[in-house]
>>> print(open('structure_5.txt').read())   # compact mmCIF, C-alpha atoms
# COMPACT_ATOMS: atom_id res chain seq x y z
CA MET O 220 38.17 19.67 -22.62
CA SER O 221 35.49 18.47 -25.01
CA GLY O 222 37.86 18.98 -27.94
CA ALA O 223 40.38 16.43 -26.65
CA VAL O 224 41.64 14.00 -29.28
CA TYR O 225 41.92 10.35 -28.37
CA PRO O 226 44.67 8.10 -29.79
CA GLN O 227 43.95 6.15 -32.94
CA ALA O 228 42.75 2.57 -32.84
CA LEU O 229 45.19 -0.24 -32.12
CA ASP O 230 43.75 -2.75 -34.56
CA ALA O 231 46.69 -5.15 -34.84
CA PRO O 232 45.51 -8.80 -34.63
CA ILE O 233 46.27 -10.78 -31.49
CA PRO O 234 49.16 -13.24 -32.19
CA PHE O 235 48.16 -16.91 -32.29
CA PRO O 236 44.50 -16.36 -31.40
CA HIS O 237 43.90 -20.12 -31.25
CA LEU O 238 46.00 -20.14 -28.07
CA HIS O 239 43.84 -17.50 -26.44
CA TYR O 240 40.28 -18.48 -27.30
CA SER O 241 38.47 -21.77 -26.77
CA GLN O 242 35.89 -20.49 -29.22
CA LYS O 243 36.11 -18.12 -32.15
CA PRO O 244 37.35 -14.72 -30.86
CA PRO O 245 34.86 -11.84 -31.04
CA MET O 246 35.22 -9.97 -34.32
CA ALA O 247 33.46 -7.18 -36.09
CA SER O 248 31.20 -8.34 -38.90
CA PRO O 249 30.45 -6.15 -41.91
CA HIS O 250 26.95 -7.62 -42.03
CA ALA O 251 25.88 -7.55 -38.37
CA GLU O 252 25.90 -4.65 -35.95
CA LEU O 253 27.72 -5.42 -32.73
CA THR O 254 25.67 -5.28 -29.55
CA GLN O 255 26.84 -3.42 -26.46
CA ASP O 256 27.54 -6.78 -24.84
CA ASP O 257 29.75 -7.71 -27.82
CA LEU O 258 31.72 -4.50 -27.29
CA LYS O 259 32.11 -5.22 -23.59
CA ARG O 260 33.46 -8.66 -24.43
CA ILE O 261 35.95 -7.27 -26.95
CA ALA O 262 37.35 -4.77 -24.44
CA ALA O 263 37.47 -7.36 -21.66
CA HIS O 264 39.34 -9.92 -23.75
CA ARG O 265 41.88 -7.34 -24.84
CA ALA O 266 42.55 -6.46 -21.20
CA VAL O 267 43.01 -10.07 -20.11
CA ASP O 268 45.73 -10.38 -22.76
CA LEU O 269 47.82 -8.23 -20.38
CA VAL O 270 47.68 -10.85 -17.61
CA GLU O 271 50.77 -13.05 -17.23
CA SER O 272 51.38 -16.25 -15.30
CA GLY O 273 52.21 -15.66 -11.64
CA MET O 274 50.28 -12.38 -11.40
CA VAL O 275 47.97 -11.22 -8.65
CA VAL O 276 44.88 -9.86 -10.42
CA GLY O 277 42.20 -7.56 -9.09
CA LEU O 278 38.84 -8.86 -10.34
CA GLY O 279 36.27 -6.19 -11.10
CA THR O 280 32.51 -6.24 -10.69
CA GLY O 281 29.80 -5.68 -13.30
CA SER O 282 28.66 -6.85 -16.71
CA THR O 283 31.88 -5.85 -18.50
CA ALA O 284 34.18 -7.30 -15.85
CA ALA O 285 32.19 -10.55 -16.00
CA HIS O 286 33.55 -11.15 -19.51
CA ALA O 287 37.08 -10.73 -18.17
CA LEU O 288 36.37 -13.31 -15.47
CA ASP O 289 35.12 -15.81 -18.04
CA ARG O 290 38.15 -15.30 -20.26
CA LEU O 291 40.63 -15.46 -17.39
CA GLY O 292 39.03 -18.63 -16.03
CA ASP O 293 39.17 -20.22 -19.48
CA LEU O 294 42.90 -19.47 -19.86
CA ILE O 295 43.61 -20.86 -16.39
CA ARG O 296 41.63 -24.07 -17.00
CA ARG O 297 43.49 -24.67 -20.26
CA GLY O 298 46.89 -24.12 -18.66
CA ILE O 299 47.76 -21.06 -20.75
CA LEU O 300 48.00 -19.03 -17.53
CA THR O 301 49.39 -20.59 -14.35
CA ASP O 302 49.86 -19.48 -10.73
CA VAL O 303 47.39 -16.62 -11.14
CA VAL O 304 45.62 -15.41 -8.00
CA GLY O 305 42.53 -13.23 -8.13
CA ILE O 306 41.28 -10.72 -5.56
CA PRO O 307 37.53 -10.13 -5.98
CA THR O 308 35.92 -6.72 -5.52
CA SER O 309 32.51 -8.05 -4.48
CA LEU O 310 30.72 -11.13 -3.22
CA LYS O 311 29.14 -11.51 -6.66
CA THR O 312 32.57 -11.49 -8.32
CA GLU O 313 33.87 -13.94 -5.71
CA ALA O 314 31.09 -16.39 -6.62
CA HIS O 315 31.62 -15.93 -10.37
CA ALA O 316 35.41 -16.35 -10.10
CA THR O 317 35.02 -19.50 -8.02
CA LYS O 318 32.61 -20.92 -10.60
CA VAL O 319 35.06 -20.40 -13.49
CA GLY O 320 38.05 -21.74 -11.56
CA ILE O 321 40.06 -18.65 -10.62
CA PRO O 322 42.03 -19.15 -7.36
CA LEU O 323 41.21 -16.37 -4.88
CA SER O 324 42.90 -14.48 -2.07
CA ASP O 325 42.71 -11.02 -0.48
CA LEU O 326 44.71 -7.85 0.16
CA GLY O 327 45.85 -9.16 3.52
CA ALA O 328 47.82 -11.92 1.81
CA HIS O 329 48.67 -9.86 -1.30
CA PRO O 330 48.90 -6.16 -0.41
CA VAL O 331 50.32 -5.32 -3.85
CA VAL O 332 48.20 -6.25 -6.87
CA ASP O 333 49.94 -6.62 -10.23
CA ILE O 334 46.96 -5.65 -12.37
CA SER O 335 43.27 -4.95 -11.85
CA ILE O 336 40.69 -5.14 -14.63
CA ASP O 337 37.28 -3.53 -14.20
CA GLY O 338 34.60 -1.60 -16.03
CA ALA O 339 33.48 1.97 -15.37
CA ASP O 340 30.25 3.91 -15.60
CA GLU O 341 31.96 7.05 -16.92
CA VAL O 342 35.45 7.97 -18.14
CA ASP O 343 36.50 11.60 -18.65
CA THR O 344 39.33 12.93 -20.82
CA ALA O 345 41.78 12.80 -17.88
CA LEU O 346 40.92 9.12 -17.22
CA ASN O 347 39.01 9.96 -14.06
CA LEU O 348 36.12 7.58 -13.51
CA VAL O 349 32.70 7.18 -12.00
CA LYS O 350 32.26 3.66 -10.69
CA GLY O 351 30.06 1.87 -8.22
CA ARG O 352 26.61 2.03 -9.75
CA GLY O 353 26.56 -1.70 -8.98
CA GLY O 354 27.27 -0.88 -5.33
CA SER O 355 30.83 -2.26 -5.04
CA LEU O 356 32.73 1.06 -5.03
CA LEU O 357 34.49 0.64 -1.66
CA ARG O 358 36.03 -2.76 -2.37
CA GLU O 359 36.78 -1.74 -5.95
CA LYS O 360 38.65 1.37 -4.85
CA MET O 361 40.61 -0.51 -2.17
CA ILE O 362 41.81 -3.22 -4.56
CA GLU O 363 42.29 -1.08 -7.65
CA GLY O 364 44.07 1.58 -5.61
CA ALA O 365 46.54 -1.10 -4.45
CA SER O 366 47.32 -2.12 -8.03
CA LYS O 367 50.46 -1.45 -10.05
CA LYS O 368 48.22 -1.24 -13.11
CA PHE O 369 44.50 -0.56 -13.23
CA VAL O 370 43.08 -1.28 -16.68
CA VAL O 371 39.57 0.00 -17.30
CA ILE O 372 37.38 -1.70 -19.92
CA VAL O 373 34.44 0.14 -21.50
CA ASP O 374 32.54 0.69 -24.70
CA GLU O 375 32.64 4.19 -26.15
CA SER O 376 29.23 5.12 -24.72
CA LYS O 377 30.98 5.53 -21.34
CA LEU O 378 33.21 8.41 -22.49
CA VAL O 379 32.16 11.81 -21.11
CA THR O 380 33.62 15.32 -21.10
CA CYS O 381 33.08 15.67 -17.32
CA LEU O 382 32.16 13.30 -14.52
CA GLY O 383 28.44 13.14 -13.87
CA GLY O 384 27.87 14.29 -17.42
CA SER O 385 25.87 11.22 -18.42
CA GLY O 386 23.08 12.24 -16.05
CA LEU O 387 23.35 8.91 -14.26
CA ALA O 388 24.23 8.42 -10.61
CA VAL O 389 27.48 9.24 -8.85
CA PRO O 390 27.23 6.93 -5.83
CA VAL O 391 28.29 7.65 -2.25
CA GLU O 392 28.45 4.78 0.27
CA VAL O 393 27.26 5.80 3.75
CA VAL O 394 26.66 4.09 7.06
CA PRO O 395 22.97 3.36 7.72
CA PHE O 396 22.99 5.22 11.04
CA CYS O 397 21.34 8.64 10.57
CA TRP O 398 21.60 8.36 6.79
CA LYS O 399 19.07 11.16 6.35
CA TYR O 400 21.43 13.51 8.16
CA THR O 401 24.29 12.46 5.85
CA LEU O 402 22.02 12.99 2.86
CA GLY O 403 21.35 16.53 4.04
CA GLN O 404 25.06 17.23 4.46
CA LEU O 405 25.77 16.01 0.93
CA LYS O 406 23.06 18.30 -0.41
CA LYS O 407 24.77 21.28 1.27
CA ILE O 408 28.02 20.59 -0.61
CA PHE O 409 26.23 20.86 -3.94
CA GLU O 410 23.57 23.42 -3.06
CA LYS O 411 24.82 25.79 -5.79
CA GLU O 412 24.65 23.10 -8.50
CA THR O 413 21.67 23.72 -10.78
CA GLY O 414 19.44 20.66 -11.08
CA PHE O 415 21.34 18.67 -8.43
CA VAL O 416 19.44 15.76 -6.84
CA ALA O 417 20.54 13.37 -4.09
CA LYS O 418 18.50 10.38 -2.95
CA LEU O 419 18.82 7.07 -1.17
CA ARG O 420 19.17 4.09 -3.47
CA THR O 421 16.43 1.53 -2.97
CA GLN O 422 15.88 -2.03 -4.14
CA GLU O 423 13.75 -2.05 -7.25
CA VAL O 424 11.18 -4.58 -6.02
CA LEU O 425 10.92 -4.11 -2.27
CA GLU O 426 11.50 -0.34 -2.14
CA LYS O 427 13.79 -0.94 0.83
CA PRO O 428 17.30 0.56 1.03
CA PHE O 429 19.89 -1.07 -1.22
CA VAL O 430 22.54 -2.66 1.02
CA THR O 431 26.17 -3.05 -0.05
CA ASP O 432 28.43 -6.04 0.63
CA ASN O 433 29.71 -3.99 3.60
CA SER O 434 26.17 -3.61 5.05
CA ASN O 435 26.07 0.08 4.14
CA TYR O 436 23.63 2.24 2.14
CA ILE O 437 24.17 4.16 -1.12
CA ILE O 438 23.17 7.76 -1.71
CA ASP O 439 23.07 8.54 -5.44
CA LEU O 440 24.03 12.02 -6.63
CA TYR O 441 22.64 13.31 -9.94
CA PHE O 442 24.01 16.30 -11.84
CA GLU O 443 22.15 18.06 -14.63
CA LYS O 444 25.32 19.18 -16.43
CA GLY O 445 28.00 17.14 -14.72
CA ILE O 446 30.19 18.00 -11.73
CA SER O 447 31.66 21.50 -11.88
CA GLY O 448 34.69 22.59 -9.90
CA ASP O 449 37.90 20.91 -8.80
CA LEU O 450 37.27 17.18 -8.46
CA ASN O 451 39.91 16.62 -5.79
CA SER O 452 38.47 19.39 -3.62
CA ILE O 453 34.97 17.97 -4.06
CA SER O 454 36.26 14.50 -3.21
CA ASP O 455 37.84 15.81 0.00
CA ALA O 456 34.67 17.63 0.99
CA ILE O 457 32.58 14.48 0.60
CA LEU O 458 35.03 12.28 2.49
CA ARG O 459 35.25 14.75 5.39
CA LEU O 460 31.57 14.15 6.18
CA THR O 461 31.10 11.89 9.17
CA GLY O 462 28.94 9.00 7.98
CA VAL O 463 30.41 8.86 4.49
CA VAL O 464 32.40 5.69 3.82
CA GLU O 465 33.53 6.29 0.21
CA HIS O 466 32.38 7.85 -3.05
CA GLY O 467 32.37 6.60 -6.64
CA MET O 468 34.77 9.13 -8.17
CA PHE O 469 38.01 7.29 -8.98
CA LEU O 470 40.49 10.13 -9.48
CA GLY O 471 43.98 9.46 -10.83
CA ILE O 472 43.74 5.71 -10.26
CA ALA O 473 43.31 4.31 -13.80
CA THR O 474 46.55 3.68 -15.68
CA SER O 475 44.87 2.93 -19.02
CA VAL O 476 41.41 2.60 -20.54
CA ILE O 477 40.56 0.08 -23.27
CA VAL O 478 37.61 1.30 -25.32
CA ALA O 479 35.67 -0.92 -27.73
CA LYS O 480 34.23 1.14 -30.58
CA LYS O 481 30.94 0.53 -32.31
CA ASP O 482 32.71 -0.91 -35.37
CA GLY O 483 34.56 -3.47 -33.23
CA GLY O 484 37.87 -1.57 -33.24
CA VAL O 485 39.72 -0.94 -30.00
CA ILE O 486 41.50 2.19 -28.76
CA THR O 487 43.66 2.46 -25.67
CA LEU O 488 43.69 5.73 -23.76
>>> encode(input="structure_5.txt", output="structure tokens")
Amino acid sequence: MSGAVYPQALDAPIPFPHLHYSQKPPMASPHAELTQDDLKRIAAHRAVDLVESGMVVGLGTGSTAAHALDRLGDLIRRGILTDVVGIPTSLKTEAHATKVGIPLSDLGAHPVVDISIDGADEVDTALNLVKGRGGSLLREKMIEGASKKFVVIVDESKLVTCLGGSGLAVPVEVVPFCWKYTLGQLKKIFEKETGFVAKLRTQEVLEKPFVTDNSNYIIDLYFEKGISGDLNSISDAILRLTGVVEHGMFLGIATSVIVAKKDGGVITL
């Protein structure tokens, strides 16, 4: 599906930008190249424009989602958005949202989420995702799967022809008990994949296992040429393993993807 054509850019200006931004809105400059962080901010701000007063909002985790939190908090503090409730997908997001003034709740009180906004590590042509390289995949999937709309915000470097195609990790959250056994079972699923590697994620400094907000471990899967085969069947095979909690393939969950291009334009997939 590498020849898929994406829709053209939606470059119409946001109406009354002075009502949306406390500072000058991010814009492309003909004289300065936009950084990746600029692109993340552009995509995040465009997504937050979809939030309306009274909504329950799923709050994503990661560097792109952080820009959405800042923007949403700003609009709430200035009274442009009212009666908004956020449901955080990680402890880090909970702390950030509290800092910027977003009222918080959980799925127990709000089992239906109006809209979730989050980044992704990879997006394929069918809007399937790899998420969770930050370690928050379980809570992200629970909240975003309970959402009427799940809007993904990325820069165009995240677009791939197949999941795992970037060569970066596809995470699997596992219970710590007998994790080496679970690692071995995961390797059996992909034993015919050329160049496949699976390994326990460790903390960069201490070289101890990385621990999720749910007190679990992460096993990272690496694919030389991306994941081959039917993704739903592969998903089922992983989830059938005793010891696996969840994986980072988000299949059929995203309702739209907002992509910030290198020139500052935005496309919606």
>>> closest_residue(input="structure_5.txt", among="O:Ala285, O:Ile437, O:Val416, O:Ile362", to="Val332 in chain O", atoms="all atoms listed in the file")
O:Ile362
>>> residues_around(input="structure_5.txt", residues="His286 in chain O", least_positions_apart="5", cutoff="9 Å", atoms="only C-alpha atoms", output="list of chain:residue names")
O:Lys259, O:Arg260, O:Ile261, O:Ala262, O:Ala263, O:His264, O:Leu291
>>> closest_residue(input="structure_5.txt", among="O:Ser366, O:Pro322, O:Val373, O:Gly273", to="Arg296 in chain O", atoms="only C-alpha atoms")
O:Pro322
>>> closest_residue(input="structure_5.txt", among="O:Gly353, O:Gly403, O:Gly364, O:Gly383", to="Leu450 in chain O", atoms="all atoms listed in the file")
O:Gly383
>>> closest_residue(input="structure_5.txt", among="O:Asp293, O:Lys407, O:Asp302, O:Leu278", to="Ala314 in chain O", atoms="only C-alpha atoms")
O:Leu278
>>> atom_distance(input="structure_5.txt", atom1="CA of Leu300 in chain O", atom2="CA of Glu271 in chain O")
6.6 Å
>>> residues_around(input="structure_5.txt", residues="Ser452 in chain O", least_positions_apart="5", cutoff="12 Å", atoms="only C-alpha atoms", output="MDAnalysis selection string")
chainID O and resid 408 446:447 457:459 468 470
>>> atom_distance(input="structure_5.txt", atom1="CA of Leu346 in chain O", atom2="CA of Thr312 in chain O")
24.0 Å
>>> atom_distance(input="structure_5.txt", atom1="CA of Phe369 in chain O", atom2="CA of Gly483 in chain O")
22.5 Å
>>> closest_residue(input="structure_5.txt", among="O:Leu460, O:Ala365, O:Gln422, O:Lys311", to="Lys406 in chain O", atoms="only C-alpha atoms")
O:Leu460
>>> closest_residue(input="structure_5.txt", among="O:Ser385, O:Asp268, O:Gly305, O:Thr344", to="Asp325 in chain O", atoms="all atoms listed in the file")
O:Gly305
>>> residues_around(input="structure_5.txt", residues="Gly414 in chain O", least_positions_apart="4", cutoff="9 Å", atoms="only C-alpha atoms", output="ChimeraX atom specification")
/O:441-444
>>> residues_around(input="structure_5.txt", residues="Thr474 in chain O", least_positions_apart="3", cutoff="9 Å", atoms="all atoms listed in the file", output="PDB file with C-alpha atoms, in the coordinates of the input")
ATOM      1  CA  LEU O 346      40.920   9.120 -17.220  1.00  0.00           C
ATOM      2  CA  LYS O 367      50.460  -1.450 -10.050  1.00  0.00           C
ATOM      3  CA  LYS O 368      48.220  -1.240 -13.110  1.00  0.00           C
ATOM      4  CA  PHE O 369      44.500  -0.560 -13.230  1.00  0.00           C
ATOM      5  CA  VAL O 370      43.080  -1.280 -16.680  1.00  0.00           C
ATOM      6  CA  VAL O 371      39.570   0.000 -17.300  1.00  0.00           C
ATOM      7  CA  GLY O 471      43.980   9.460 -10.830  1.00  0.00           C
ATOM      8  CA  LEU O 488      43.690   5.730 -23.760  1.00  0.00           C
TER       9      LEU O 488
END
>>> residues_around(input="structure_5.txt", residues="Arg290 in chain O", least_positions_apart="6", cutoff="12 Å", atoms="all atoms listed in the file", output="NGL selection string")
:O and (239-242 or 244-245 or 260-270 or 278 or 283-284 or 296-297 or 299-300 or 315-316 or 319-321 or 336)
>>> write_last_selection(input="structure_5.txt", atoms="C-alpha atoms", output="PDB file, keeping the file's coordinate frame")
ATOM      1  CA  HIS O 239      43.840 -17.500 -26.440  1.00  0.00           C
ATOM      2  CA  TYR O 240      40.280 -18.480 -27.300  1.00  0.00           C
ATOM      3  CA  SER O 241      38.470 -21.770 -26.770  1.00  0.00           C
ATOM      4  CA  GLN O 242      35.890 -20.490 -29.220  1.00  0.00           C
ATOM      5  CA  PRO O 244      37.350 -14.720 -30.860  1.00  0.00           C
ATOM      6  CA  PRO O 245      34.860 -11.840 -31.040  1.00  0.00           C
ATOM      7  CA  ARG O 260      33.460  -8.660 -24.430  1.00  0.00           C
ATOM      8  CA  ILE O 261      35.950  -7.270 -26.950  1.00  0.00           C
ATOM      9  CA  ALA O 262      37.350  -4.770 -24.440  1.00  0.00           C
ATOM     10  CA  ALA O 263      37.470  -7.360 -21.660  1.00  0.00           C
ATOM     11  CA  HIS O 264      39.340  -9.920 -23.750  1.00  0.00           C
ATOM     12  CA  ARG O 265      41.880  -7.340 -24.840  1.00  0.00           C
ATOM     13  CA  ALA O 266      42.550  -6.460 -21.200  1.00  0.00           C
ATOM     14  CA  VAL O 267      43.010 -10.070 -20.110  1.00  0.00           C
ATOM     15  CA  ASP O 268      45.730 -10.380 -22.760  1.00  0.00           C
ATOM     16  CA  LEU O 269      47.820  -8.230 -20.380  1.00  0.00           C
ATOM     17  CA  VAL O 270      47.680 -10.850 -17.610  1.00  0.00           C
ATOM     18  CA  LEU O 278      38.840  -8.860 -10.340  1.00  0.00           C
ATOM     19  CA  THR O 283      31.880  -5.850 -18.500  1.00  0.00           C
ATOM     20  CA  ALA O 284      34.180  -7.300 -15.850  1.00  0.00           C
ATOM     21  CA  ARG O 296      41.630 -24.070 -17.000  1.00  0.00           C
ATOM     22  CA  ARG O 297      43.490 -24.670 -20.260  1.00  0.00           C
ATOM     23  CA  ILE O 299      47.760 -21.060 -20.750  1.00  0.00           C
ATOM     24  CA  LEU O 300      48.000 -19.030 -17.530  1.00  0.00           C
ATOM     25  CA  HIS O 315      31.620 -15.930 -10.370  1.00  0.00           C
ATOM     26  CA  ALA O 316      35.410 -16.350 -10.100  1.00  0.00           C
ATOM     27  CA  VAL O 319      35.060 -20.400 -13.490  1.00  0.00           C
ATOM     28  CA  GLY O 320      38.050 -21.740 -11.560  1.00  0.00           C
ATOM     29  CA  ILE O 321      40.060 -18.650 -10.620  1.00  0.00           C
ATOM     30  CA  ILE O 336      40.690  -5.140 -14.630  1.00  0.00           C
TER      31      ILE O 336
END
>>> residues_near_point(input="structure_5.txt", point="(15.2, 3.9, -0.8)", cutoff="12 Å", atoms="only C-alpha atoms", output="list in words")
Pro395, Trp398, Lys399, Leu402, Ala417, Lys418, Leu419, Arg420, Thr421, Gln422, Glu423, Val424, Leu425, Glu426, Lys427, Pro428, Phe429, Val430, Tyr436, Ile437, Ile438 and Asp439 of chain O
